[in-house]
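Asker: Contents of target18.pdb (PDB, C-alpha atoms) are below:
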MODEL        1
ATOM      1  CA  MET L   8     -10.763  -9.634 -10.465
ATOM      2  CA  ILE L   9     -11.078  -7.518  -7.380
ATOM      3  CA  PHE L  10      -9.296  -9.588  -4.798
ATOM      4  CA  ASN L  11     -10.847  -9.912  -1.352
ATOM      5  CA  LEU L  12      -8.894 -11.253   1.598
ATOM      6  CA  LYS L  13     -10.808 -13.174   4.231
ATOM      7  CA  SER L  14      -9.191 -13.925   7.549
ATOM      8  CA  ASP L  15     -10.223 -14.611  11.103
ATOM      9  CA  SER L  16      -6.862 -13.632  12.560
ATOM     10  CA  GLU L  17      -4.916 -11.465  10.104
ATOM     11  CA  ILE L  18      -4.731  -7.827   9.137
ATOM     12  CA  PHE L  19      -3.004  -6.644   5.983
ATOM     13  CA  LEU L  20      -0.956  -3.446   6.266
ATOM     14  CA  THR L  21      -0.311  -1.741   2.945
ATOM     15  CA  PHE L  22       1.724   1.295   1.962
ATOM     16  CA  ASP L  23       1.109   3.362  -1.166
ATOM     17  CA  ASP L  24       3.275   5.759  -3.149
ATOM     18  CA  GLY L  25       6.847   4.720  -2.304
ATOM     19  CA  PRO L  26       9.534   3.807  -2.197
ATOM     20  CA  CYS L  27      10.584   7.117  -0.679
ATOM     21  CA  PRO L  28      14.155   7.338   0.668
ATOM     22  CA  GLU L  29      13.133   9.840   3.346
ATOM     23  CA  VAL L  30      10.358   7.617   4.753
ATOM     24  CA  THR L  31      10.408   3.988   3.567
ATOM     25  CA  PRO L  32      13.574   3.011   5.510
ATOM     26  CA  GLN L  33      11.919   4.230   8.724
ATOM     27  CA  VAL L  34       8.795   2.219   7.909
ATOM     28  CA  LEU L  35      10.934  -0.870   7.314
ATOM     29  CA  THR L  36      12.666  -0.339  10.676
ATOM     30  CA  ILE L  37       9.296  -0.150  12.467
ATOM     31  CA  LEU L  38       7.986  -3.249  10.696
ATOM     32  CA  ASN L  39      11.183  -5.129  11.510
ATOM     33  CA  LYS L  40      10.977  -4.123  15.186
ATOM     34  CA  TYR L  41       7.523  -5.723  15.422
ATOM     35  CA  ASP L  42       8.323  -8.647  13.111
ATOM     36  CA  ALA L  43       5.470  -7.447  10.895
ATOM     37  CA  LYS L  44       5.068  -8.016   7.165
ATOM     38  CA  ALA L  45       3.293  -5.636   4.797
ATOM     39  CA  THR L  46       2.588  -4.926   1.141
ATOM     40  CA  PHE L  47       4.045  -1.903  -0.639
ATOM     41  CA  PHE L  48       2.126  -0.592  -3.671
ATOM     42  CA  CYS L  49       4.941   1.193  -5.464
ATOM     43  CA  ILE L  50       4.961   3.957  -8.033
ATOM     44  CA  GLY L  51       7.107   2.893 -10.975
ATOM     45  CA  LYS L  52       9.098   6.123 -11.240
ATOM     46  CA  ASN L  53       9.920   5.893  -7.524
ATOM     47  CA  VAL L  54      11.116   2.317  -7.980
ATOM     48  CA  LYS L  55      13.237   3.359 -10.958
ATOM     49  CA  ASN L  56      14.812   6.163  -8.898
ATOM     50  CA  ASN L  57      15.216   4.037  -5.729
ATOM     51  CA  LEU L  58      15.876   0.516  -6.987
ATOM     52  CA  GLY L  59      18.028  -0.426  -4.000
ATOM     53  CA  LEU L  60      15.258   0.539  -1.587
ATOM     54  CA  TYR L  61      12.707  -1.411  -3.650
ATOM     55  CA  ASN L  62      14.967  -4.480  -3.482
ATOM     56  CA  GLU L  63      15.343  -3.983   0.274
ATOM     57  CA  ILE L  64      11.542  -4.092   0.694
ATOM     58  CA  ILE L  65      11.478  -7.444  -1.085
ATOM     59  CA  SER L  66      14.555  -8.848   0.655
ATOM     60  CA  GLU L  67      12.958  -8.125   4.036
ATOM     61  CA  GLY L  68      10.043 -10.386   3.107
ATOM     62  CA  HIS L  69       7.402  -7.838   2.184
ATOM     63  CA  SER L  70       5.309  -8.076  -0.964
ATOM     64  CA  VAL L  71       5.024  -5.376  -3.614
ATOM     65  CA  GLY L  72       2.354  -4.259  -6.036
ATOM     66  CA  ASN L  73       1.962  -1.966  -9.040
ATOM     67  CA  HIS L  74       0.562   1.534  -8.309
ATOM     68  CA  THR L  75       1.104   2.862 -11.883
ATOM     69  CA  PHE L  76       4.293   4.543 -13.060
ATOM     70  CA  ASN L  77       3.191   8.154 -12.559
ATOM     71  CA  HIS L  78       0.413   7.862  -9.912
ATOM     72  CA  LEU L  79      -2.359   8.468 -12.431
ATOM     73  CA  ASN L  80      -5.991   9.040 -11.533
ATOM     74  CA  GLY L  81      -7.970   6.542 -13.612
ATOM     75  CA  TRP L  82     -11.010   8.779 -13.765
ATOM     76  CA  LYS L  83      -8.972  11.572 -15.350
ATOM     77  CA  THR L  84      -6.807   9.506 -17.711
ATOM     78  CA  LYS L  85      -7.677   7.989 -21.083
ATOM     79  CA  LYS L  86      -7.741   4.197 -21.064
ATOM     80  CA  LYS L  87      -4.812   3.799 -23.485
ATOM     81  CA  ASP L  88      -2.622   6.229 -21.509
ATOM     82  CA  TYR L  89      -3.541   4.576 -18.208
ATOM     83  CA  LEU L  90      -2.793   1.073 -19.466
ATOM     84  CA  ASN L  91       0.534   2.210 -20.933
ATOM     85  CA  ASP L  92       1.449   3.736 -17.566
ATOM     86  CA  VAL L  93       0.584   0.497 -15.728
ATOM     87  CA  LYS L  94       2.645  -1.441 -18.290
ATOM     88  CA  MET L  95       5.598   0.899 -17.796
ATOM     89  CA  ALA L  96       5.383   0.290 -14.034
ATOM     90  CA  SER L  97       5.307  -3.471 -14.661
ATOM     91  CA  GLU L  98       8.716  -3.194 -16.277
ATOM     92  CA  VAL L  99      10.220  -2.305 -12.880
ATOM     93  CA  ILE L 100       7.663  -3.869 -10.476
ATOM     94  CA  ASP L 101       7.394  -7.659 -10.655
ATOM     95  CA  SER L 102       3.941  -8.360  -9.191
ATOM     96  CA  ASP L 103       0.446  -9.477 -10.055
ATOM     97  CA  LEU L 104      -0.990  -7.056  -7.464
ATOM     98  CA  PHE L 105      -2.382  -3.717  -8.595
ATOM     99  CA  ARG L 106      -3.894  -0.821  -6.680
ATOM    100  CA  PRO L 107      -5.267   2.144  -8.597
ATOM    101  CA  PRO L 108      -4.094   5.488  -7.211
ATOM    102  CA  TYR L 109      -6.879   7.257  -5.301
ATOM    103  CA  GLY L 110      -8.895   4.040  -5.659
ATOM    104  CA  ARG L 111     -10.144   5.427  -8.953
ATOM    105  CA  ILE L 112     -10.335   3.252 -12.011
ATOM    106  CA  SER L 113     -12.819   3.257 -14.885
ATOM    107  CA  VAL L 114     -14.780   0.180 -15.852
ATOM    108  CA  SER L 115     -12.902  -0.123 -19.139
ATOM    109  CA  GLN L 116      -9.536   0.160 -17.359
ATOM    110  CA  TYR L 117     -10.625  -2.464 -14.823
ATOM    111  CA  LEU L 118     -11.769  -4.852 -17.561
ATOM    112  CA  ALA L 119      -8.460  -4.436 -19.386
ATOM    113  CA  LEU L 120      -6.389  -5.105 -16.227
ATOM    114  CA  LYS L 121      -8.376  -7.804 -14.413
ATOM    115  CA  ASN L 122      -6.908 -10.746 -16.319
ATOM    116  CA  ASN L 123      -3.307  -9.799 -15.524
ATOM    117  CA  PHE L 124      -3.657  -8.354 -12.029
ATOM    118  CA  ARG L 125      -5.415  -8.940  -8.742
ATOM    119  CA  ILE L 126      -6.849  -5.510  -8.024
ATOM    120  CA  ILE L 127      -6.527  -4.657  -4.335
ATOM    121  CA  PHE L 128      -8.434  -1.852  -2.647
ATOM    122  CA  TRP L 129      -8.709  -1.282   1.122
ATOM    123  CA  ASN L 130     -11.342  -1.003   3.810
ATOM    124  CA  VAL L 131      -9.367   1.104   6.306
ATOM    125  CA  LEU L 132      -8.148   4.423   4.903
ATOM    126  CA  THR L 133      -5.916   5.987   7.554
ATOM    127  CA  LYS L 134      -5.812   9.432   5.903
ATOM    128  CA  ASP L 135      -2.263   9.733   7.227
ATOM    129  CA  TYR L 136      -1.592  12.205   4.397
ATOM    130  CA  SER L 137      -4.263  14.681   5.573
ATOM    131  CA  LYS L 138      -2.991  18.000   6.899
ATOM    132  CA  LYS L 139      -6.426  18.417   8.540
ATOM    133  CA  LEU L 140      -5.852  15.441  10.860
ATOM    134  CA  ASN L 141      -3.271  15.167  13.613
ATOM    135  CA  SER L 142      -1.702  11.847  14.586
ATOM    136  CA  ASP L 143      -4.192  11.247  17.417
ATOM    137  CA  GLU L 144      -7.092  11.613  14.973
ATOM    138  CA  VAL L 145      -5.415   9.334  12.431
ATOM    139  CA  LEU L 146      -4.820   6.736  15.145
ATOM    140  CA  LYS L 147      -8.413   6.897  16.386
ATOM    141  CA  ARG L 148     -10.002   6.625  12.936
ATOM    142  CA  THR L 149      -7.686   3.721  12.065
ATOM    143  CA  THR L 150      -7.986   1.606  15.211
ATOM    144  CA  LYS L 151     -11.762   1.874  15.422
ATOM    145  CA  ARG L 152     -12.021   0.341  11.942
ATOM    146  CA  LEU L 153      -9.652  -2.599  12.510
ATOM    147  CA  ASN L 154     -11.220  -6.028  12.131
ATOM    148  CA  PRO L 155      -9.878  -9.431  11.128
ATOM    149  CA  GLY L 156      -9.255  -9.351   7.382
ATOM    150  CA  SER L 157      -8.906  -5.569   7.231
ATOM    151  CA  ILE L 158      -6.726  -4.083   4.515
ATOM    152  CA  VAL L 159      -5.217  -0.904   5.959
ATOM    153  CA  VAL L 160      -3.641   1.723   3.707
ATOM    154  CA  PHE L 161      -0.853   4.029   4.858
ATOM    155  CA  HIS L 162       1.428   6.091   2.606
ATOM    156  CA  ASP L 163       5.219   5.940   2.688
ATOM    157  CA  SER L 164       5.557   9.478   1.391
ATOM    158  CA  ILE L 165       6.941  12.744   2.713
ATOM    159  CA  LYS L 166       3.435  14.231   2.823
ATOM    160  CA  ALA L 167       2.184  11.472   5.158
ATOM    161  CA  SER L 168       5.367  10.951   7.180
ATOM    162  CA  GLY L 169       4.463  13.153  10.159
ATOM    163  CA  ASN L 170       1.352  11.140  10.959
ATOM    164  CA  LEU L 171       2.579   7.811   9.597
ATOM    165  CA  LEU L 172       5.711   7.487  11.678
ATOM    166  CA  LYS L 173       3.889   8.368  14.915
ATOM    167  CA  VAL L 174       0.808   6.237  14.270
ATOM    168  CA  LEU L 175       2.248   3.095  12.651
ATOM    169  CA  PRO L 176       3.854   1.635  15.825
ATOM    170  CA  LEU L 177       0.682   2.324  17.809
ATOM    171  CA  VAL L 178      -1.521   0.649  15.197
ATOM    172  CA  ILE L 179       0.757  -2.391  15.138
ATOM    173  CA  GLU L 180       0.617  -2.597  18.938
ATOM    174  CA  GLU L 181      -3.191  -2.366  18.842
ATOM    175  CA  ILE L 182      -3.332  -5.167  16.274
ATOM    176  CA  LYS L 183      -1.087  -7.376  18.392
ATOM    177  CA  ASN L 184      -3.117  -6.553  21.537
ATOM    178  CA  LYS L 185      -6.182  -7.886  19.719
ATOM    179  CA  ASN L 186      -4.272 -11.147  19.095
ATOM    180  CA  LEU L 187      -4.288 -10.514  15.359
ATOM    181  CA  TYR L 188      -1.374 -11.047  13.002
ATOM    182  CA  LEU L 189       0.111  -8.812  10.348
ATOM    183  CA  LYS L 190       0.604 -10.409   6.978
ATOM    184  CA  SER L 191       1.603  -9.243   3.522
ATOM    185  CA  ILE L 192      -0.739  -9.860   0.616
ATOM    186  CA  PRO L 193       0.645 -12.860  -1.247
ATOM    187  CA  THR L 194       1.691 -12.532  -4.869
ATOM    188  CA  PHE L 195       1.418 -15.381  -7.346
TER     189      PHE L 195
ENDMDL
END
Let me see the structure of the file written as structure tokens.

Answerer:
Amino acid sequence: MIFNLKSDSEIFLTFDDGPCPEVTPQVLTILNKYDAKATFFCIGKNVKNNLGLYNEIISEGHSVGNHTFNHLNGWKTKKKDYLNDVKMASEVIDSDLFRPPYGRISVSQYLALKNNFRIIFWNVLTKDYSKKLNSDEVLKRTTKRLNPGSIVVFHDSIKASGNLLKVLPLVIEEIKNKNLYLKSIPTF
């Protein structure tokens, strides 16, 4: 099923594409500073290459989700290959949460995954990875879309790090100023 989170007082920060040793530790430091919890949708090959960092995410009380092993685009990948890639990621990522890279998944892929995963999308795309947007623009587009129950997606990747590391503390402060709470998406 596509899982929807309803909340009158919570916002769900999520991070895609890690763990990345150049960026994820800095994200964890920022989250820790603000006593904020988040959900990390991890790429299997990055977990395999950075197992200690993956375990640190979990030990700090954040939740994790499957983001495929090789960051595949569901619209450009045959169903069998896509499902095998998700399964490979499941061997290193222990979670019932799944987010398709790029938010792209075919109907047949969705139907094959929905019984084993809660499929999580987002409603606030920060575009922190965009080289066309500076950090002020990323901050503005993110904060104007924040509402109770929002699922916000950042990227703990080198490509996004310039905007991410500047904007993340400011977004967290804005959330707290609105008397909202940051929470990770629970896994079952």

Asker: Select, from L:Lys147, L:Pro155, L:Gly81, L:Asp92, the residue with the minimum atom-to-atom distance to Tyr117 of chain L, counting all atoms listed in the file.

Answerer: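 So, comparing all the options, the nearest one is L:Gly81.
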
Asker: Counting only C-alpha atoms, what is within 12 Å of Lys85 of chain L, bar same-chain residues fewer than 4 positions away, as an MDAnalysis selection string?

Answerer: chainID L and resid 79:81 89:92 112:116

Asker: Take the selection from the previous step and output its residues with C-alpha atoms, as a PDB file, keeping the file's coordinate frame.

Answerer:
ATOM      1  CA  LEU L  79      -2.359   8.468 -12.431  1.00  0.00           C
ATOM      2  CA  ASN L  80      -5.991   9.040 -11.533  1.00  0.00           C
ATOM      3  CA  GLY L  81      -7.970   6.542 -13.612  1.00  0.00           C
ATOM      4  CA  TYR L  89      -3.541   4.576 -18.208  1.00  0.00           C
ATOM      5  CA  LEU L  90      -2.793   1.073 -19.466  1.00  0.00           C
ATOM      6  CA  ASN L  91       0.534   2.210 -20.933  1.00  0.00           C
ATOM      7  CA  ASP L  92       1.449   3.736 -17.566  1.00  0.00           C
ATOM      8  CA  ILE L 112     -10.335   3.252 -12.011  1.00  0.00           C
ATOM      9  CA  SER L 113     -12.819   3.257 -14.885  1.00  0.00           C
ATOM     10  CA  VAL L 114     -14.780   0.180 -15.852  1.00  0.00           C
ATOM     11  CA  SER L 115     -12.902  -0.123 -19.139  1.00  0.00           C
ATOM     12  CA  GLN L 116      -9.536   0.160 -17.359  1.00  0.00           C
TER      13      GLN L 116
END

Asker: Let me make sure I understand: among L:Leu58, L:Ala45, L:Val34, L:Leu104, which one has the smallest atom-to-atom distance to Thr194 of chain L if we use only C-alpha atoms?

Answerer: L:Leu104

Asker: Can you give me, as a ChimeraX atom specification, the residues this file yields under the PyMOL selection byres ((chain L and resi 23) around 10)?

Answerer: /L:21-22,24-26,46-50,71-74,78,106-109,160-164

Asker: Name the residues within 9 Å of (-10.3, -5.7, 11.9), counting all atoms listed in the file in the file's coordinates, and put them as number ranges by chain.

Answerer: L: 15-18, 131, 150-158, 182, 187

Asker: Can those selected residues be exported to a file as a compact mmCIF listing (two decimals), in the frame of the given file so that it contains C-alpha atoms?

Answerer:
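Generated output (part-v6.txt):
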# COMPACT_ATOMS: atom_id res chain seq x y z
CA ASP L 15 -10.22 -14.61 11.10
CA SER L 16 -6.86 -13.63 12.56
CA GLU L 17 -4.92 -11.46 10.10
CA ILE L 18 -4.73 -7.83 9.14
CA VAL L 131 -9.37 1.10 6.31
CA THR L 150 -7.99 1.61 15.21
CA LYS L 151 -11.76 1.87 15.42
CA ARG L 152 -12.02 0.34 11.94
CA LEU L 153 -9.65 -2.60 12.51
CA ASN L 154 -11.22 -6.03 12.13
CA PRO L 155 -9.88 -9.43 11.13
CA GLY L 156 -9.26 -9.35 7.38
CA SER L 157 -8.91 -5.57 7.23
CA ILE L 158 -6.73 -4.08 4.51
CA ILE L 182 -3.33 -5.17 16.27
CA LEU L 187 -4.29 -10.51 15.36

Asker: Just how far from atom CA of Ala96 of chain L is atom CA of Lys121 of chain L, in Å to one decimal?

Answerer: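 Computing the Euclidean distance for atom CA of Lys121 of chain L and atom CA of Ala96 of chain L yields 16.0 Å.
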
Asker: May I have the residues within 10 Å of Pro32 of chain L as a PyMOL selection string, using all atoms listed in the file and disregarding those fewer than 3 positions away in the same chain?

Answerer: chain L and resi 26-29+35-38+60+63-64+163

Asker: Could you tell me, as a PyMOL selection string, exactly which residues end up selected when the PyMOL selection byres ((chain L and resi 141) around 12) is applied to this structure?

Answerer: chain L and resi 133-140+142-148+167-174

Asker: Could you tell me which of L:Ile192, L:Ile100, L:Gln33, L:Phe105 comes closest to Asn122 of chain L if we count all atoms listed in the file?

Answerer: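 Result for the nearest residue to Asn122 of chain L: L:Phe105.
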
Asker: Go through the shown structure with the PyMOL selection byres ((chain L and resi 189) around 6) and write out the matching residues as a ChimeraX atom specification.

Answerer: /L:17-19,43-44,188,190

Asker: What does the file look like for those residues with C-alpha atoms, as a PDB file, in the frame of the given file?

Answerer:
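What landed in part-v1.pdb:
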ATOM      1  CA  GLU L  17      -4.916 -11.465  10.104  1.00  0.00           C
ATOM      2  CA  ILE L  18      -4.731  -7.827   9.137  1.00  0.00           C
ATOM      3  CA  PHE L  19      -3.004  -6.644   5.983  1.00  0.00           C
ATOM      4  CA  ALA L  43       5.470  -7.447  10.895  1.00  0.00           C
ATOM      5  CA  LYS L  44       5.068  -8.016   7.165  1.00  0.00           C
ATOM      6  CA  TYR L 188      -1.374 -11.047  13.002  1.00  0.00           C
ATOM      7  CA  LYS L 190       0.604 -10.409   6.978  1.00  0.00           C
TER       8      LYS L 190
END

Asker: For each of L:His69, L:Lys52, L:Lys40, L:Lys183, take the minimum atom-to-atom distance to Ser102 of chain L, counting only C-alpha atoms, then give the residue where this is smallest.

Answerer: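 Among L:His69, L:Lys52, L:Lys40, L:Lys183, it is L:His69 that comes nearest to Ser102 of chain L.
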
Asker: Interatomic distance between atom CA of Asn130 of chain L and atom CA of Ser97 of chain L?

Answerer: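 Atom CA of Ser97 of chain L lies 25.0 Å from atom CA of Asn130 of chain L.
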
Asker: Looking at L:Glu67, L:Val178, L:Asn53, L:Tyr41, which one is nearest to Thr149 of chain L, with distances taken over only C-alpha atoms?

Answerer: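 Residue with the minimum atom-to-atom distance to Thr149 of chain L: L:Val178.
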
Asker: Complete the atom set of segment 44-75 of chain L to N, CA and C atoms and return it as a JSON list (two decimals), keeping the file's coordinate frame.

Answerer:
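Printed below is rebuild_37.json as written:
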[["chain", "number", "residue", "atom", "x", "y", "z"],
["L", 44, "LYS", "N", 4.93, -8.04, 8.62],
["L", 44, "LYS", "CA", 5.07, -8.02, 7.16],
["L", 44, "LYS", "C", 3.96, -7.15, 6.58],
["L", 45, "ALA", "N", 4.24, -6.55, 5.43],
["L", 45, "ALA", "CA", 3.29, -5.64, 4.80],
["L", 45, "ALA", "C", 3.42, -5.74, 3.28],
["L", 46, "THR", "N", 2.57, -4.99, 2.59],
["L", 46, "THR", "CA", 2.59, -4.93, 1.14],
["L", 46, "THR", "C", 2.78, -3.47, 0.73],
["L", 47, "PHE", "N", 3.73, -3.24, -0.17],
["L", 47, "PHE", "CA", 4.04, -1.90, -0.64],
["L", 47, "PHE", "C", 3.58, -1.76, -2.09],
["L", 48, "PHE", "N", 2.59, -0.89, -2.32],
["L", 48, "PHE", "CA", 2.13, -0.59, -3.67],
["L", 48, "PHE", "C", 2.96, 0.58, -4.17],
["L", 49, "CYS", "N", 3.89, 0.27, -5.06],
["L", 49, "CYS", "CA", 4.94, 1.19, -5.46],
["L", 49, "CYS", "C", 4.60, 1.92, -6.76],
["L", 50, "ILE", "N", 5.04, 3.16, -6.81],
["L", 50, "ILE", "CA", 4.96, 3.96, -8.03],
["L", 50, "ILE", "C", 6.20, 3.64, -8.86],
["L", 51, "GLY", "N", 6.00, 3.32, -10.12],
["L", 51, "GLY", "CA", 7.11, 2.89, -10.98],
["L", 51, "GLY", "C", 8.27, 3.86, -11.03],
["L", 52, "LYS", "N", 7.99, 5.17, -11.15],
["L", 52, "LYS", "CA", 9.10, 6.12, -11.24],
["L", 52, "LYS", "C", 9.87, 6.18, -9.93],
["L", 53, "ASN", "N", 9.21, 5.93, -8.80],
["L", 53, "ASN", "CA", 9.92, 5.89, -7.52],
["L", 53, "ASN", "C", 10.78, 4.64, -7.41],
["L", 54, "VAL", "N", 10.30, 3.53, -7.96],
["L", 54, "VAL", "CA", 11.12, 2.32, -7.98],
["L", 54, "VAL", "C", 12.35, 2.54, -8.86],
["L", 55, "LYS", "N", 12.12, 3.10, -10.03],
["L", 55, "LYS", "CA", 13.24, 3.36, -10.96],
["L", 55, "LYS", "C", 14.30, 4.24, -10.31],
["L", 56, "ASN", "N", 13.88, 5.24, -9.54],
["L", 56, "ASN", "CA", 14.81, 6.16, -8.90],
["L", 56, "ASN", "C", 15.39, 5.63, -7.59],
["L", 57, "ASN", "N", 14.80, 4.58, -7.03],
["L", 57, "ASN", "CA", 15.22, 4.04, -5.73],
["L", 57, "ASN", "C", 15.24, 2.51, -5.76],
["L", 58, "LEU", "N", 15.89, 1.96, -6.77],
["L", 58, "LEU", "CA", 15.88, 0.52, -6.99],
["L", 58, "LEU", "C", 16.43, -0.26, -5.79],
["L", 59, "GLY", "N", 17.46, 0.25, -5.17],
["L", 59, "GLY", "CA", 18.03, -0.43, -4.00],
["L", 59, "GLY", "C", 17.03, -0.53, -2.86],
["L", 60, "LEU", "N", 16.27, 0.53, -2.64],
["L", 60, "LEU", "CA", 15.26, 0.54, -1.59],
["L", 60, "LEU", "C", 14.12, -0.42, -1.93],
["L", 61, "TYR", "N", 13.72, -0.46, -3.19],
["L", 61, "TYR", "CA", 12.71, -1.41, -3.65],
["L", 61, "TYR", "C", 13.17, -2.84, -3.38],
["L", 62, "ASN", "N", 14.42, -3.14, -3.72],
["L", 62, "ASN", "CA", 14.97, -4.48, -3.48],
["L", 62, "ASN", "C", 15.05, -4.80, -2.00],
["L", 63, "GLU", "N", 15.31, -3.78, -1.17],
["L", 63, "GLU", "CA", 15.34, -3.98, 0.27],
["L", 63, "GLU", "C", 13.96, -4.37, 0.80],
["L", 64, "ILE", "N", 12.91, -3.74, 0.30],
["L", 64, "ILE", "CA", 11.54, -4.09, 0.69],
["L", 64, "ILE", "C", 11.32, -5.58, 0.46],
["L", 65, "ILE", "N", 11.68, -6.04, -0.72],
["L", 65, "ILE", "CA", 11.48, -7.44, -1.08],
["L", 65, "ILE", "C", 12.38, -8.36, -0.25],
["L", 66, "SER", "N", 13.63, -7.99, -0.08],
["L", 66, "SER", "CA", 14.56, -8.85, 0.66],
["L", 66, "SER", "C", 14.16, -8.99, 2.12],
["L", 67, "GLU", "N", 13.42, -8.04, 2.65],
["L", 67, "GLU", "CA", 12.96, -8.12, 4.04],
["L", 67, "GLU", "C", 11.65, -8.92, 4.17],
["L", 68, "GLY", "N", 11.19, -9.49, 3.06],
["L", 68, "GLY", "CA", 10.04, -10.39, 3.11],
["L", 68, "GLY", "C", 8.69, -9.75, 2.92],
["L", 69, "HIS", "N", 8.67, -8.51, 2.46],
["L", 69, "HIS", "CA", 7.40, -7.84, 2.18],
["L", 69, "HIS", "C", 7.01, -8.07, 0.72],
["L", 70, "SER", "N", 5.74, -7.96, 0.42],
["L", 70, "SER", "CA", 5.31, -8.08, -0.96],
["L", 70, "SER", "C", 5.15, -6.68, -1.57],
["L", 71, "VAL", "N", 5.14, -6.64, -2.89],
["L", 71, "VAL", "CA", 5.02, -5.38, -3.61],
["L", 71, "VAL", "C", 3.90, -5.48, -4.63],
["L", 72, "GLY", "N", 3.38, -4.33, -5.01],
["L", 72, "GLY", "CA", 2.35, -4.26, -6.04],
["L", 72, "GLY", "C", 2.55, -3.03, -6.90],
["L", 73, "ASN", "N", 1.90, -3.03, -8.04],
["L", 73, "ASN", "CA", 1.96, -1.97, -9.04],
["L", 73, "ASN", "C", 0.95, -0.88, -8.65],
["L", 74, "HIS", "N", 1.41, 0.37, -8.65],
["L", 74, "HIS", "CA", 0.56, 1.53, -8.31],
["L", 74, "HIS", "C", 0.67, 2.58, -9.42],
["L", 75, "THR", "N", 0.85, 2.10, -10.66],
["L", 75, "THR", "CA", 1.10, 2.86, -11.88],
["L", 75, "THR", "C", 2.52, 3.45, -11.86]]
